Amino acid sequence: MKDLSYCRDQFLSLRRFGRHGQPLIYLDGPGGSQVPDSVVLAIQEYYGHRNSNTHGPFVTSQETDQVVLQARTHVAEFLGATPATISFGQNMTTLNFLLSQAVGDFLTSGDEIIVTDLDHDSNVAPWLRLQQKGLVIRHVPLTSSGTLDLDAFRRLITAKTRLVALGWASNALGTVNPVEEVRQWTNQVGAWLLIDAVHWAPHGLIDVSKLQPDFLLCSAYKFFGPHVGVLYANPGLLETLPTLRVRPQIEVGPERIETGTLNHAALAGTTQAVNFIASFSENPSASLRIRLEESMSYIYRYEHDLAGVLYDGLADIPTVRLYGPPVDDVQRAPTISFTLEGQSSRQVATKLGERGILAWDGDFYAINAIESLGLAAKGGLVRLGLAPYNTHQELLRTIAAVSEIARAM
Ligand SMILES: Cc1ncc(COP(=O)(O)O)c(C=O)c1O
């Protein structure tokens with residue numbers, strides 16, 4: 001595998017400094033990762049050479065058709081799917097609202113949908129809206145250790161369940177959910193499984209050909225790309241749903257849920273984001289999928305090791321309280337969240353920011369999780385999210401900074 005300096009050299013943003021001259025430490029990846037130069041160049045190249053709309057009888061339009069197809073092909077390889085199952089949109093939230101509208105028009109009053117108290121609200125609010133149509137929404141509760149209550153989850157899935165909307169990994173706590181097991185439960189009752197893979201996609205391998213979800217969503221700006229939402233739908237499934245469409249729109253395939261003109265420049269960038277991930281592999285002659293599999297397994301191990309350093313270092317500070325599963329052999333996203341006794345999460349994140357350490361605080365839209373952990377009134381958590389461009393040295397600096405902030409109380 002390529003080493004760390006190979007990775008860091010690809011990002012212009014890693015060469016900038018903070019207000020006080022310190023090198024910036026980007027731990028804000030769960031809110032959007034940094035973007036490598038190849039992605040930036042692809043966006044610029046699109047506007048400079050191919051800027052057009054699709055399906056025209058002239059060169060820039062025909063090349064734009066290729067840009068869209070290439071993005072579908074690359075994202076399909078990234079997810080272990082085929083290009084015809086990949087739809088694009090503004091972001092995950094917008095695609096999920098479009099999908100939930102279509103699902104709501106398809107289902108009937110009394111049908112049940114299951115959401116979880118761990119999920120980002122983008123995978124809750126679109127389904128809650130369907131209560132207006134007489135659909136029943138059931139909630140899987142969270143345990144105090146930051147994992148879903150799986151016994152309650154299993155009991156909620158009945159013959160009335162039509163769809164389970166589940167996050168693969170929590171963007172607030174790093175918890176990874178047992179998606180394969182839930183797939184089995186939903187199969188037993190013939191319910192659809194929708195996976196929000198936004199937080200997992202940058203950190204672990206996704207293979208929809210193995211998991212076989214009905215729908216899976218992710219967002220390219222979390223995996224080194226621009227702001228593009230991605231929806232995988234099981235072949236033929238979108239065609240059964242009454243999606244919102246203008247009349248001339250293509251009625252089948254991925255276009256069926258793509259309203260209006262896509263962001264073609266961002267799609268050119270998305271292709272390069274997938275190529276960037278694949279470039280960690282040292283097997284240039286292997287297929288794109290094989291290179292992606294190798295790269296994702298490297299990224300997972302690298303980030304998991306760093307997450308262990310960060311978790312243990314923070315755990316040694318007496319006034320730090322860590323949330324979410326410990327970093328050990330359990331599968332986990334490298335997202336470490338904590339509170340510091342006597343200081344609000346906003347105060348801690350601000351002090352980290354002053355030291356050039358970029359960290360988010362709050363609920364991260366995982367509002368039910370933050371509420372059930374009793375943190376809503378206290379300003380939520382401080383979240384440190386890792387990416388392959390982070391270094392061991394950066395984490396030591398971060399642990400020292402948290403320790404200093406704790407002592408200065
Ligand atoms: C787990 C999770 N789901 C959904 C979303 C929403 O994604 P988007 O910004 O593409 O709508 C986010 C964004 O942070 C997220 O972390």
# chains A, B, ... in the order shown; residues from 1 in each chain; ligands from 1

$ select_by_dssp --residues "range 77-202 of chain A" --states "strand (DSSP E or B)" --output "count of residues only"
31

$ residues_near_ligand --ligand "ligand 1" --cutoff "6 Å" --atoms "only C-alpha atoms and all ligand atoms" --output "list in words"
Gly31, Asn91, Met92, Thr93, His120, Ser122, Ser170, Asn171, Asp196, Val198, His199, Ser219 and Gly229 of chain A

$ residues_around --residues "Ala369 in chain A" --least-positions-apart "5" --cutoff "12 Å" --atoms "only C-alpha atoms" --output "ChimeraX atom specification"
/A:116-121,124,139-148,170-175,323-324,362-364,374-376,380-381

$ write_last_selection --atoms "N, CA and C atoms" --output "short mmCIF file (atom, residue, chain, number, x, y, z; two decimals), in the first residue's frame"
data_model
loop_
_atom_site.label_atom_id
_atom_site.label_comp_id
_atom_site.auth_asym_id
_atom_site.auth_seq_id
_atom_site.Cartn_x
_atom_site.Cartn_y
_atom_site.Cartn_z
N THR A 116 -34.45 4.29 13.39
CA THR A 116 -33.73 4.05 14.64
C THR A 116 -33.35 5.36 15.34
N ASP A 117 -33.14 5.23 16.64
CA ASP A 117 -32.75 6.40 17.44
C ASP A 117 -31.26 6.70 17.33
N LEU A 118 -30.55 5.92 16.49
CA LEU A 118 -29.12 6.19 16.30
C LEU A 118 -28.89 6.98 15.02
N ASP A 119 -29.88 6.99 14.14
CA ASP A 119 -29.66 7.53 12.80
C ASP A 119 -29.59 9.06 12.75
N HIS A 120 -28.87 9.54 11.76
CA HIS A 120 -28.89 10.94 11.34
C HIS A 120 -30.33 11.25 10.93
N ASP A 121 -30.77 12.47 11.19
CA ASP A 121 -32.18 12.80 10.92
C ASP A 121 -32.55 12.70 9.43
N VAL A 124 -34.45 9.74 9.17
CA VAL A 124 -35.59 9.64 10.09
C VAL A 124 -36.71 10.57 9.62
N HIS A 139 -39.82 3.11 16.27
CA HIS A 139 -38.44 3.54 16.57
C HIS A 139 -37.66 2.45 17.30
N VAL A 140 -36.48 2.14 16.83
CA VAL A 140 -35.59 1.23 17.57
C VAL A 140 -34.83 2.07 18.59
N PRO A 141 -34.92 1.72 19.88
CA PRO A 141 -34.22 2.53 20.90
C PRO A 141 -32.72 2.26 20.93
N LEU A 142 -32.04 3.20 21.59
CA LEU A 142 -30.58 3.12 21.75
C LEU A 142 -30.27 2.68 23.18
N THR A 143 -29.23 1.88 23.36
CA THR A 143 -28.82 1.54 24.73
C THR A 143 -27.83 2.60 25.22
N SER A 144 -27.57 2.59 26.53
CA SER A 144 -26.67 3.62 27.07
C SER A 144 -25.24 3.46 26.56
N SER A 145 -24.91 2.26 26.03
CA SER A 145 -23.55 2.09 25.50
C SER A 145 -23.44 2.58 24.05
N GLY A 146 -24.51 3.16 23.53
CA GLY A 146 -24.41 3.74 22.20
C GLY A 146 -24.62 2.76 21.06
N THR A 147 -25.20 1.59 21.38
CA THR A 147 -25.54 0.63 20.32
C THR A 147 -27.06 0.46 20.31
N LEU A 148 -27.58 -0.02 19.18
CA LEU A 148 -29.03 -0.21 19.11
C LEU A 148 -29.46 -1.37 19.98
N SER A 170 -22.87 5.04 12.75
CA SER A 170 -23.36 6.30 13.35
C SER A 170 -22.34 7.42 13.16
N ASN A 171 -22.81 8.55 12.65
CA ASN A 171 -21.92 9.70 12.46
C ASN A 171 -21.67 10.43 13.78
N ALA A 172 -22.39 10.06 14.83
CA ALA A 172 -22.19 10.71 16.13
C ALA A 172 -21.29 9.88 17.04
N LEU A 173 -21.43 8.55 16.98
CA LEU A 173 -20.77 7.69 17.97
C LEU A 173 -19.79 6.68 17.35
N GLY A 174 -19.85 6.53 16.04
CA GLY A 174 -18.96 5.56 15.39
C GLY A 174 -19.46 4.12 15.42
N THR A 175 -20.59 3.88 16.07
CA THR A 175 -21.15 2.52 16.16
C THR A 175 -21.43 1.97 14.77
N TYR A 323 -17.91 8.53 24.47
CA TYR A 323 -19.21 7.92 24.11
C TYR A 323 -19.01 6.98 22.93
N GLY A 324 -19.92 6.02 22.79
CA GLY A 324 -19.81 5.07 21.68
C GLY A 324 -18.96 3.89 22.07
N GLY A 362 -21.75 19.31 18.90
CA GLY A 362 -23.21 19.42 18.79
C GLY A 362 -23.87 18.06 18.67
N ASP A 363 -24.97 18.03 17.90
CA ASP A 363 -25.69 16.75 17.73
C ASP A 363 -25.45 16.11 16.38
N PHE A 364 -24.84 16.84 15.46
CA PHE A 364 -24.52 16.33 14.12
C PHE A 364 -25.77 15.78 13.41
N GLY A 374 -28.98 11.89 26.84
CA GLY A 374 -29.14 12.96 27.84
C GLY A 374 -28.22 14.15 27.59
N LEU A 375 -27.80 14.34 26.33
CA LEU A 375 -26.81 15.39 26.05
C LEU A 375 -27.39 16.58 25.31
N ALA A 376 -28.69 16.51 24.98
CA ALA A 376 -29.26 17.56 24.13
C ALA A 376 -29.17 18.93 24.79
N GLY A 380 -24.51 18.65 23.38
CA GLY A 380 -24.03 17.50 22.61
C GLY A 380 -22.58 17.15 22.89
N LEU A 381 -21.93 16.65 21.85
CA LEU A 381 -20.59 16.06 21.96
C LEU A 381 -19.55 16.85 21.19
#

$ residues_around --residues "range 1-4 of chain A" --least-positions-apart "6" --cutoff "8 Å" --atoms "only C-alpha atoms" --output "list in words"
Phe280, Ser281, Glu282, Ser295, Tyr298, Pro388, Tyr389 and Thr391 of chain A

$ closest_residue --among "A:His203, A:Arg397, A:His74, A:His49" --to "Ala169 in chain A" --atoms "only C-alpha atoms"
A:His203

$ residues_around --residues "range 242-247 of chain A" --least-positions-apart "5" --cutoff "12 Å" --atoms "only C-alpha atoms" --output "number ranges by chain"
A: 95-107, 237, 252-261

$ residues_around --residues "Ile317 in chain A" --least-positions-apart "2" --cutoff "9 Å" --atoms "only C-alpha atoms" --output "PyMOL selection string"
chain A and resi 313-315+319-321+399+402-403+406

$ atom_distance --atom1 "CA of Thr54 in chain A" --atom2 "CA of Glu251 in chain A"
16.0 Å

$ residues_around --residues "Ala307 in chain A" --least-positions-apart "6" --cutoff "10 Å" --atoms "only C-alpha atoms" --output "list in words"
Arg301, Gly313, Pro326, Val327, Asp328, Arg332, Ala333, Pro334, Thr335, Ile336, Leu384, Gly385, Leu386, Ala387, His392 and Leu395 of chain A

$ atom_distance --atom1 "CA of Gln212 in chain A" --atom2 "CA of Leu238 in chain A"
15.0 Å

$ atom_distance --atom1 "CA of Asp111 in chain A" --atom2 "CA of Asn368 in chain A"
22.8 Å

$ closest_residue --among "A:His55, A:Ala42, A:Asn263, A:Arg129" --to "Gln249 in chain A" --atoms "only C-alpha atoms"
A:His55

$ select_by_dssp --residues "range 26-142 of chain A" --states "helix (DSSP H, G or I)" --output "MDAnalysis selection string"
chainID A and resid 29:31 37:49 59:79 83:85 92:106 121:123 125:133

$ closest_residue --among "A:Lys222, A:Leu194, A:Ala201, A:Gln347" --to "Gln34 in chain A" --atoms "only C-alpha atoms"
A:Lys222

$ closest_residue --among "A:Glu404, A:Glu303, A:Glu371, A:Asp214" --to "Arg162 in chain A" --atoms "only C-alpha atoms"
A:Asp214

$ closest_residue --among "A:Ile206, A:Ala197, A:Cys218, A:Leu306" --to "Gln90 in chain A" --atoms "only C-alpha atoms"
A:Cys218

$ decode --residues "range 69-85 of chain A" --atoms "N, CA, C and O atoms" --output "mmCIF file, in the first residue's frame"
data_model
loop_
_atom_site.group_PDB
_atom_site.id
_atom_site.type_symbol
_atom_site.label_atom_id
_atom_site.label_comp_id
_atom_site.auth_asym_id
_atom_site.auth_seq_id
_atom_site.Cartn_x
_atom_site.Cartn_y
_atom_site.Cartn_z
ATOM 1 N N LEU A 69 -21.931 8.822 -17.276
ATOM 2 C CA LEU A 69 -21.805 7.367 -17.303
ATOM 3 C C LEU A 69 -20.569 6.904 -16.514
ATOM 4 O O LEU A 69 -20.627 5.923 -15.760
ATOM 5 N N GLN A 70 -19.489 7.631 -16.697
ATOM 6 C CA GLN A 70 -18.250 7.277 -15.963
ATOM 7 C C GLN A 70 -18.471 7.355 -14.461
ATOM 8 O O GLN A 70 -17.991 6.516 -13.708
ATOM 9 N N ALA A 71 -19.196 8.399 -14.024
ATOM 10 C CA ALA A 71 -19.450 8.538 -12.585
ATOM 11 C C ALA A 71 -20.315 7.366 -12.105
ATOM 12 O O ALA A 71 -20.053 6.787 -11.039
ATOM 13 N N ARG A 72 -21.329 7.006 -12.886
ATOM 14 C CA ARG A 72 -22.161 5.844 -12.478
ATOM 15 C C ARG A 72 -21.295 4.591 -12.393
ATOM 16 O O ARG A 72 -21.422 3.791 -11.461
ATOM 17 N N THR A 73 -20.408 4.417 -13.382
ATOM 18 C CA THR A 73 -19.581 3.210 -13.423
ATOM 19 C C THR A 73 -18.629 3.175 -12.219
ATOM 20 O O THR A 73 -18.488 2.140 -11.566
ATOM 21 N N HIS A 74 -18.017 4.319 -11.936
ATOM 22 C CA HIS A 74 -17.047 4.340 -10.835
ATOM 23 C C HIS A 74 -17.736 4.151 -9.489
ATOM 24 O O HIS A 74 -17.257 3.398 -8.632
ATOM 25 N N VAL A 75 -18.851 4.844 -9.269
ATOM 26 C CA VAL A 75 -19.538 4.694 -7.977
ATOM 27 C C VAL A 75 -20.076 3.264 -7.852
ATOM 28 O O VAL A 75 -20.041 2.665 -6.767
ATOM 29 N N ALA A 76 -20.527 2.694 -8.965
ATOM 30 C CA ALA A 76 -20.999 1.302 -8.931
ATOM 31 C C ALA A 76 -19.868 0.378 -8.490
ATOM 32 O O ALA A 76 -20.058 -0.508 -7.652
ATOM 33 N N GLU A 77 -18.662 0.595 -9.020
ATOM 34 C CA GLU A 77 -17.518 -0.239 -8.606
ATOM 35 C C GLU A 77 -17.233 -0.044 -7.121
ATOM 36 O O GLU A 77 -16.926 -0.984 -6.402
ATOM 37 N N PHE A 78 -17.355 1.177 -6.673
ATOM 38 C CA PHE A 78 -17.094 1.493 -5.261
ATOM 39 C C PHE A 78 -18.072 0.739 -4.350
ATOM 40 O O PHE A 78 -17.711 0.309 -3.254
ATOM 41 N N LEU A 79 -19.307 0.583 -4.820
ATOM 42 C CA LEU A 79 -20.336 -0.036 -3.975
ATOM 43 C C LEU A 79 -20.541 -1.522 -4.283
ATOM 44 O O LEU A 79 -21.359 -2.171 -3.624
ATOM 45 N N GLY A 80 -19.852 -2.052 -5.285
ATOM 46 C CA GLY A 80 -20.073 -3.452 -5.672
ATOM 47 C C GLY A 80 -21.388 -3.628 -6.405
ATOM 48 O O GLY A 80 -22.057 -4.662 -6.276
ATOM 49 N N ALA A 81 -21.772 -2.622 -7.187
ATOM 50 C CA ALA A 81 -23.071 -2.642 -7.888
ATOM 51 C C ALA A 81 -22.834 -2.506 -9.393
ATOM 52 O O ALA A 81 -21.695 -2.549 -9.864
ATOM 53 N N THR A 82 -23.917 -2.351 -10.145
ATOM 54 C CA THR A 82 -23.792 -2.109 -11.589
ATOM 55 C C THR A 82 -24.230 -0.669 -11.873
ATOM 56 O O THR A 82 -25.051 -0.107 -11.138
ATOM 57 N N PRO A 83 -23.709 -0.054 -12.960
ATOM 58 C CA PRO A 83 -23.972 1.365 -13.202
ATOM 59 C C PRO A 83 -25.464 1.710 -13.282
ATOM 60 O O PRO A 83 -25.866 2.796 -12.828
ATOM 61 N N ALA A 84 -26.273 0.796 -13.806
ATOM 62 C CA ALA A 84 -27.695 1.111 -13.992
ATOM 63 C C ALA A 84 -28.464 1.193 -12.675
ATOM 64 O O ALA A 84 -29.638 1.571 -12.654
ATOM 65 N N THR A 85 -27.808 0.845 -11.559
ATOM 66 C CA THR A 85 -28.494 0.903 -10.260
ATOM 67 C C THR A 85 -28.112 2.160 -9.473
ATOM 68 O O THR A 85 -28.533 2.313 -8.323
#
